[in-house]
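**Q** Structure: my_file_6.txt, compact mmCIF, C-alpha atoms.
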# COMPACT_ATOMS: atom_id res chain seq x y z
CA MET A 1 17.64 75.52 105.25
CA CYS A 2 19.25 78.53 103.64
CA TYR A 3 22.97 78.92 104.30
CA PRO A 4 25.04 82.04 103.65
CA SER A 5 26.21 82.51 100.11
CA ALA A 6 29.28 84.37 98.96
CA SER A 7 27.12 86.97 97.21
CA MET A 8 24.81 87.90 100.10
CA ASP A 9 25.74 88.66 103.67
CA ILE A 10 24.02 86.51 106.33
CA VAL A 11 22.27 89.48 107.93
CA GLU A 12 20.67 90.38 104.59
CA GLN A 13 19.48 86.79 104.20
CA LEU A 14 17.93 86.84 107.66
CA ILE A 15 16.21 90.17 107.00
CA ARG A 16 14.64 88.70 103.84
CA ARG A 17 13.42 85.67 105.83
CA ALA A 18 11.90 87.97 108.46
CA GLU A 19 10.10 90.03 105.81
CA ARG A 20 8.37 86.87 104.58
CA LEU A 21 6.98 86.14 108.04
CA GLY A 22 4.91 89.30 108.35
CA ALA A 23 3.05 90.28 111.52
CA PHE A 24 3.43 88.10 114.60
CA GLY A 25 -0.15 88.15 115.89
CA VAL A 26 0.97 86.82 119.29
CA PRO A 27 0.27 88.64 122.59
CA ALA A 28 3.34 89.86 124.51
CA PRO A 29 2.77 88.07 127.85
CA PRO A 30 3.98 84.47 127.59
CA ARG A 31 1.00 82.07 127.60
CA LEU A 32 2.72 79.56 129.88
CA GLY A 33 3.91 82.16 132.40
CA LEU A 34 7.41 80.75 131.90
CA ALA A 35 10.89 82.18 131.45
CA VAL A 36 13.67 79.84 130.27
CA VAL A 37 17.31 80.73 130.95
CA THR A 38 19.82 78.75 128.92
CA CYS A 39 23.15 78.87 127.14
CA MET A 40 23.68 80.55 123.79
CA ASP A 41 25.23 77.31 122.47
CA ALA A 42 23.81 76.77 118.97
CA ARG A 43 23.12 73.08 119.74
CA ILE A 44 20.51 74.06 122.32
CA ASP A 45 17.07 74.89 120.98
CA PRO A 46 14.63 75.30 123.88
CA VAL A 47 11.73 75.84 121.48
CA ARG A 48 12.32 72.40 119.93
CA ILE A 49 13.30 70.66 123.18
CA PHE A 50 10.10 71.71 124.96
CA ASP A 51 7.87 71.93 121.88
CA LEU A 52 7.13 75.60 122.52
CA ALA A 53 5.03 77.71 120.20
CA PRO A 54 5.52 81.43 119.55
CA GLY A 55 4.21 83.33 122.56
CA ASP A 56 4.62 80.44 125.04
CA ALA A 57 7.67 81.60 127.00
CA HIS A 58 10.46 84.12 127.34
CA ILE A 59 13.81 82.64 126.31
CA LEU A 60 16.89 84.27 127.85
CA ARG A 61 20.30 83.16 126.57
CA ASN A 62 23.89 83.96 127.41
CA ALA A 63 27.29 82.28 127.55
CA GLY A 64 26.83 79.38 129.98
CA GLY A 65 23.17 80.08 130.69
CA VAL A 66 24.21 81.56 134.03
CA VAL A 67 22.04 83.89 136.08
CA THR A 68 23.86 87.22 135.96
CA ASP A 69 22.67 90.69 136.98
CA ASP A 70 21.41 91.19 133.42
CA VAL A 71 19.40 87.96 133.56
CA ILE A 72 17.88 89.12 136.87
CA ARG A 73 17.02 92.44 135.16
CA SER A 74 15.26 90.60 132.33
CA LEU A 75 13.46 88.22 134.71
CA MET A 76 12.34 91.20 136.78
CA PHE A 77 10.57 92.75 133.78
CA SER A 78 9.32 89.35 132.66
CA GLN A 79 7.70 88.74 136.04
CA ARG A 80 6.62 92.23 137.07
CA HIS A 81 5.30 93.45 133.72
CA LEU A 82 4.59 90.39 131.61
CA GLY A 83 3.23 87.87 134.09
CA THR A 84 5.77 85.07 134.19
CA ARG A 85 5.95 83.09 137.41
CA ALA A 86 8.08 80.02 136.67
CA VAL A 87 11.79 79.96 135.82
CA LEU A 88 13.41 77.01 134.05
CA LEU A 89 17.24 76.95 134.02
CA ILE A 90 19.02 74.76 131.48
CA HIS A 91 22.80 74.25 131.53
CA HIS A 92 24.43 71.58 129.38
CA THR A 93 27.23 69.10 129.04
CA ARG A 94 30.30 69.98 126.97
CA CYS A 95 29.76 73.71 127.65
CA GLY A 96 32.56 75.96 126.44
CA LEU A 97 32.69 77.77 129.80
CA GLN A 98 33.31 74.62 131.81
CA GLY A 99 36.92 74.18 132.89
CA VAL A 100 38.14 77.46 131.40
CA GLY A 101 40.43 79.54 133.61
CA GLU A 102 38.92 82.97 134.23
CA ALA A 103 42.23 84.64 135.10
CA GLU A 104 43.91 83.18 132.02
CA VAL A 105 41.13 84.28 129.66
CA LYS A 106 41.07 87.78 131.13
CA ALA A 107 44.87 88.04 130.84
CA GLU A 108 44.73 86.87 127.21
CA ILE A 109 42.06 89.45 126.35
CA GLU A 110 44.02 92.16 128.14
CA THR A 111 47.15 91.24 126.16
CA GLN A 112 45.22 91.37 122.88
CA THR A 113 43.17 94.51 123.54
CA GLY A 114 44.96 96.41 126.28
CA ILE A 115 41.84 96.27 128.45
CA ARG A 116 41.05 93.66 131.10
CA PRO A 117 37.34 92.70 131.08
CA PRO A 118 35.77 94.24 134.21
CA PHE A 119 32.95 91.69 134.35
CA ALA A 120 32.91 88.15 135.69
CA LEU A 121 33.18 85.57 132.92
CA GLU A 122 31.17 83.08 135.01
CA VAL A 123 33.35 80.13 134.02
CA PHE A 124 32.94 77.01 136.15
CA THR A 125 34.33 73.55 136.83
CA ASP A 126 31.32 71.94 138.56
CA LEU A 127 28.34 71.81 136.20
CA ASP A 128 25.78 70.77 138.81
CA GLY A 129 27.17 73.34 141.25
CA ASP A 130 26.82 76.06 138.65
CA VAL A 131 23.16 75.16 138.10
CA ARG A 132 22.61 75.28 141.88
CA GLN A 133 24.30 78.68 142.04
CA SER A 134 22.07 80.04 139.26
CA MET A 135 18.96 78.67 141.01
CA ALA A 136 20.07 80.32 144.27
CA ARG A 137 20.58 83.66 142.53
CA VAL A 138 16.97 83.57 141.28
CA ARG A 139 15.55 82.31 144.58
CA HIS A 140 17.31 85.00 146.60
CA SER A 141 16.85 88.01 144.35
CA PRO A 142 14.78 90.70 146.07
CA PHE A 143 13.80 92.06 142.64
CA LEU A 144 11.84 88.95 141.64
CA PRO A 145 8.39 88.55 143.17
CA HIS A 146 8.02 84.91 142.03
CA ARG A 147 10.88 82.76 143.30
CA ASP A 148 9.17 79.55 144.36
CA GLN A 149 8.89 77.92 140.90
CA VAL A 150 12.59 77.73 139.98
CA ARG A 151 13.94 74.47 138.58
CA GLY A 152 17.32 73.71 137.11
CA PHE A 153 18.44 71.01 134.71
CA VAL A 154 21.49 69.77 132.84
CA LEU A 155 20.92 68.86 129.21
CA ASP A 156 23.14 66.07 127.95
CA VAL A 157 23.90 67.28 124.42
CA ASP A 158 24.99 63.80 123.30
CA GLU A 159 21.91 61.91 124.50
CA GLY A 160 19.34 64.72 124.44
CA SER A 161 18.26 63.89 128.01
CA LEU A 162 17.52 66.27 130.86
CA ARG A 163 18.67 65.67 134.43
CA GLU A 164 17.15 67.75 137.21
CA ILE A 165 19.45 69.37 139.74
CA VAL A 166 18.09 69.70 143.27
Hey, can you dump this file as C-alpha cells for me?

**A**
Amino acid sequence: MCYPSASMDIVEQLIRRAERLGAFGVPAPPRLGLAVVTCMDARIDPVRIFDLAPGDAHILRNAGGVVTDDVIRSLMFSQRHLGTRAVLLIHHTRCGLQGVGEAEVKAEIETQTGIRPPFALEVFTDLDGDVRQSMARVRHSPFLPHRDQVRGFVLDVDEGSLREIV
C-alpha cells in the first residue's frame, strides 16, 4: 500500500495509480443488477465484504449511508437507465452520525461559518430505526420502478457480521 509522502500530494499519487490501470473494459450496466447504499466510513468496503468484481454493482456512499433525495436521484438513474433492480442498504455500528445532536452541530457550523446548513444532517439515535427509515424511503419513492427487492442490514464493524433489519 502506498501512503502519502511529504514530497507528493495524495491526489497526485492517486492519479499516478489510476494511469497504471488503463482502460476499464467493463460494461456500464451492473452485472448483478444491484445498487448498494452504504456509509462513507473508511472501514466499510462493500467490494471486499461482498466479494464484488468491477462492473458487478453500483456503490452509493454518503455520511451514514442514509437514503436522501440525492440517493433517490442516483437510484433512479441506476434503475431506469442502467438496469438495476435490487437495493442493498448497509448501515453500521459505531457510526459517527449516531447520537449526534443535529441542532447542536448546525449551531456550531453557523457559529464558525456564519451560515446555518439548510439541509438535514440525517443524524440518528436508533440504528435499526434508521435502516428501516431508509428502506421505507426507497420502497415508497415514486421515482423508482423497482422497489420490491430492498433489504437493509447493520454491519458490526468489530465482528464483521451482518444483521438483517426487517

**Q** Hey, could you make a per-residue contact list for range 6-65 of chain A against range 74-87 of chain A with 8 Å as the cut-off, showing the nearest pair of atoms and its distance in Å to one decimal, counting only C-alpha atoms, sorted by chain and number, as a tab-separated table?

**A**
residue	atom	partner	partner_atom	distance
A:Ala28	CA	A:Leu82	CA	7.2
A:Pro29	CA	A:Leu82	CA	4.8
A:Pro30	CA	A:Thr84	CA	6.9
A:Leu32	CA	A:Thr84	CA	7.6
A:Gly33	CA	A:Thr84	CA	3.9
A:Leu34	CA	A:Ala86	CA	4.9
A:Ala35	CA	A:Val87	CA	5.0
A:Val36	CA	A:Val87	CA	5.9
A:Val37	CA	A:Val87	CA	7.4
A:His58	CA	A:Ser78	CA	7.5
A:Leu60	CA	A:Ser74	CA	7.9

**Q** Rounded to one decimal in Å, what is the spacing between CA of Ile115 in chain A and CA of Gly99 in chain A?

**A**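 Straight-line distance from CA of Ile115 in chain A to CA of Gly99 in chain A works out to 23.1 Å.
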
**Q** Determine the nearest neighbour of Leu144 in chain A from the options A:Leu121, A:Leu89, A:Ile72, A:Val66, counting all atoms listed in the file.

**A**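 Closest to Leu144 in chain A of all the choices is A:Ile72.
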
**Q** Residues near Val47 in chain A, anyone? I mean within 10 Å using only C-alpha atoms, not counting same-chain ones fewer than 4 positions away, as a PyMOL selection string.

**A** chain A and resi 36+51-54+56-57+59

**Q** Measure the distance from CA of Val157 in chain A to CA of Arg139 in chain A in Å and round it to one decimal.

**A**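 These two atoms are separated by 26.5 Å.
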
**Q** Taking into account all atoms listed in the file, which residue in the set A:Arg147, A:Arg17, A:Arg61, A:Arg132 is nearest to Thr38 in chain A?

**A**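 Ranked by minimum distance to Thr38 in chain A, first place goes to A:Arg61.
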
**Q** Tell me which of A:Val166, A:Ile44, A:Leu14, A:Ala107 sits closest to His91 in chain A, counting all atoms listed in the file.

**A**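 Ranking A:Val166, A:Ile44, A:Leu14, A:Ala107 by distance to His91 in chain A, first place goes to A:Ile44.
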
**Q** Quote the spacing between CA of Ile49 in chain A and CA of Leu162 in chain A in Å to one decimal place.

**A**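 Atom-to-atom, CA of Ile49 in chain A to CA of Leu162 in chain A, that is 9.8 Å.
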
**Q** Which polymer residues, protein or nucleic acid, are no farther than 8 Å from (29.8, 90.3, 138.0), counting only C-alpha atoms, as a ChimeraX atom specification?

**A** /A:68-69,119-122

**Q** Please extract range 2-69 of chain A and write it out with C-alpha atoms, as a PDB file, in the first residue's frame.

**A**
ATOM      1  CA  CYS A   2       1.300   3.412  -0.946  1.00  0.00           C
ATOM      2  CA  TYR A   3       0.805   6.107   1.681  1.00  0.00           C
ATOM      3  CA  PRO A   4       1.174   9.850   1.136  1.00  0.00           C
ATOM      4  CA  SER A   5       4.682  11.188   1.266  1.00  0.00           C
ATOM      5  CA  ALA A   6       5.763  14.668   2.228  1.00  0.00           C
ATOM      6  CA  SER A   7       7.053  15.306  -1.292  1.00  0.00           C
ATOM      7  CA  MET A   8       3.945  14.320  -3.275  1.00  0.00           C
ATOM      8  CA  ASP A   9       0.364  15.292  -2.622  1.00  0.00           C
ATOM      9  CA  ILE A  10      -2.097  12.386  -2.198  1.00  0.00           C
ATOM     10  CA  VAL A  11      -4.157  13.374  -5.232  1.00  0.00           C
ATOM     11  CA  GLU A  12      -1.053  13.195  -7.440  1.00  0.00           C
ATOM     12  CA  GLN A  13      -0.271   9.735  -6.052  1.00  0.00           C
ATOM     13  CA  LEU A  14      -3.793   8.551  -6.820  1.00  0.00           C
ATOM     14  CA  ILE A  15      -3.651   9.964 -10.352  1.00  0.00           C
ATOM     15  CA  ARG A  16      -0.430   8.011 -10.968  1.00  0.00           C
ATOM     16  CA  ARG A  17      -2.081   4.819  -9.681  1.00  0.00           C
ATOM     17  CA  ALA A  18      -5.064   5.392 -11.987  1.00  0.00           C
ATOM     18  CA  GLU A  19      -2.801   5.914 -15.006  1.00  0.00           C
ATOM     19  CA  ARG A  20      -1.276   2.469 -14.409  1.00  0.00           C
ATOM     20  CA  LEU A  21      -4.694   0.808 -14.547  1.00  0.00           C
ATOM     21  CA  GLY A  22      -5.508   1.803 -18.115  1.00  0.00           C
ATOM     22  CA  ALA A  23      -8.881   1.134 -19.753  1.00  0.00           C
ATOM     23  CA  PHE A  24     -11.632  -0.431 -17.671  1.00  0.00           C
ATOM     24  CA  GLY A  25     -13.117  -2.827 -20.230  1.00  0.00           C
ATOM     25  CA  VAL A  26     -16.253  -3.294 -18.107  1.00  0.00           C
ATOM     26  CA  PRO A  27     -19.788  -2.574 -19.397  1.00  0.00           C
ATOM     27  CA  ALA A  28     -21.676   0.245 -17.644  1.00  0.00           C
ATOM     28  CA  PRO A  29     -24.794  -1.667 -16.505  1.00  0.00           C
ATOM     29  CA  PRO A  30     -24.017  -3.564 -13.295  1.00  0.00           C
ATOM     30  CA  ARG A  31     -23.884  -7.320 -13.977  1.00  0.00           C
ATOM     31  CA  LEU A  32     -25.731  -8.215 -10.770  1.00  0.00           C
ATOM     32  CA  GLY A  33     -28.486  -5.620 -11.249  1.00  0.00           C
ATOM     33  CA  LEU A  34     -27.625  -4.356  -7.768  1.00  0.00           C
ATOM     34  CA  ALA A  35     -27.169  -0.966  -6.129  1.00  0.00           C
ATOM     35  CA  VAL A  36     -25.551  -0.829  -2.677  1.00  0.00           C
ATOM     36  CA  VAL A  37     -26.129   2.190  -0.429  1.00  0.00           C
ATOM     37  CA  THR A  38     -23.732   2.473   2.484  1.00  0.00           C
ATOM     38  CA  CYS A  39     -21.799   4.855   4.685  1.00  0.00           C
ATOM     39  CA  MET A  40     -18.664   6.665   3.577  1.00  0.00           C
ATOM     40  CA  ASP A  41     -16.866   5.325   6.679  1.00  0.00           C
ATOM     41  CA  ALA A  42     -13.404   4.187   5.529  1.00  0.00           C
ATOM     42  CA  ARG A  43     -13.745   0.923   7.495  1.00  0.00           C
ATOM     43  CA  ILE A  44     -16.572  -0.210   5.220  1.00  0.00           C
ATOM     44  CA  ASP A  45     -15.531  -1.764   1.934  1.00  0.00           C
ATOM     45  CA  PRO A  46     -18.594  -3.234   0.200  1.00  0.00           C
ATOM     46  CA  VAL A  47     -16.442  -4.595  -2.630  1.00  0.00           C
ATOM     47  CA  ARG A  48     -14.442  -6.700  -0.160  1.00  0.00           C
ATOM     48  CA  ILE A  49     -17.390  -7.554   2.114  1.00  0.00           C
ATOM     49  CA  PHE A  50     -19.464  -8.972  -0.750  1.00  0.00           C
ATOM     50  CA  ASP A  51     -16.562 -10.091  -2.949  1.00  0.00           C
ATOM     51  CA  LEU A  52     -17.699  -7.855  -5.807  1.00  0.00           C
ATOM     52  CA  ALA A  53     -15.787  -7.517  -9.038  1.00  0.00           C
ATOM     53  CA  PRO A  54     -15.584  -4.359 -11.160  1.00  0.00           C
ATOM     54  CA  GLY A  55     -18.875  -3.976 -13.000  1.00  0.00           C
ATOM     55  CA  ASP A  56     -20.942  -6.020 -10.522  1.00  0.00           C
ATOM     56  CA  ALA A  57     -22.865  -3.252  -8.731  1.00  0.00           C
ATOM     57  CA  HIS A  58     -23.360   0.446  -8.224  1.00  0.00           C
ATOM     58  CA  ILE A  59     -21.972   1.597  -4.875  1.00  0.00           C
ATOM     59  CA  LEU A  60     -23.529   4.762  -3.424  1.00  0.00           C
ATOM     60  CA  ARG A  61     -21.934   6.239  -0.301  1.00  0.00           C
ATOM     61  CA  ASN A  62     -22.664   9.155   1.984  1.00  0.00           C
ATOM     62  CA  ALA A  63     -22.409  10.111   5.642  1.00  0.00           C
ATOM     63  CA  GLY A  64     -24.475   7.497   7.477  1.00  0.00           C
ATOM     64  CA  GLY A  65     -25.472   5.577   4.362  1.00  0.00           C
ATOM     65  CA  VAL A  66     -28.906   7.168   4.601  1.00  0.00           C
ATOM     66  CA  VAL A  67     -31.347   7.379   1.717  1.00  0.00           C
ATOM     67  CA  THR A  68     -31.542  11.079   0.906  1.00  0.00           C
ATOM     68  CA  ASP A  69     -33.056  12.847  -2.109  1.00  0.00           C
TER      69      ASP A  69
END
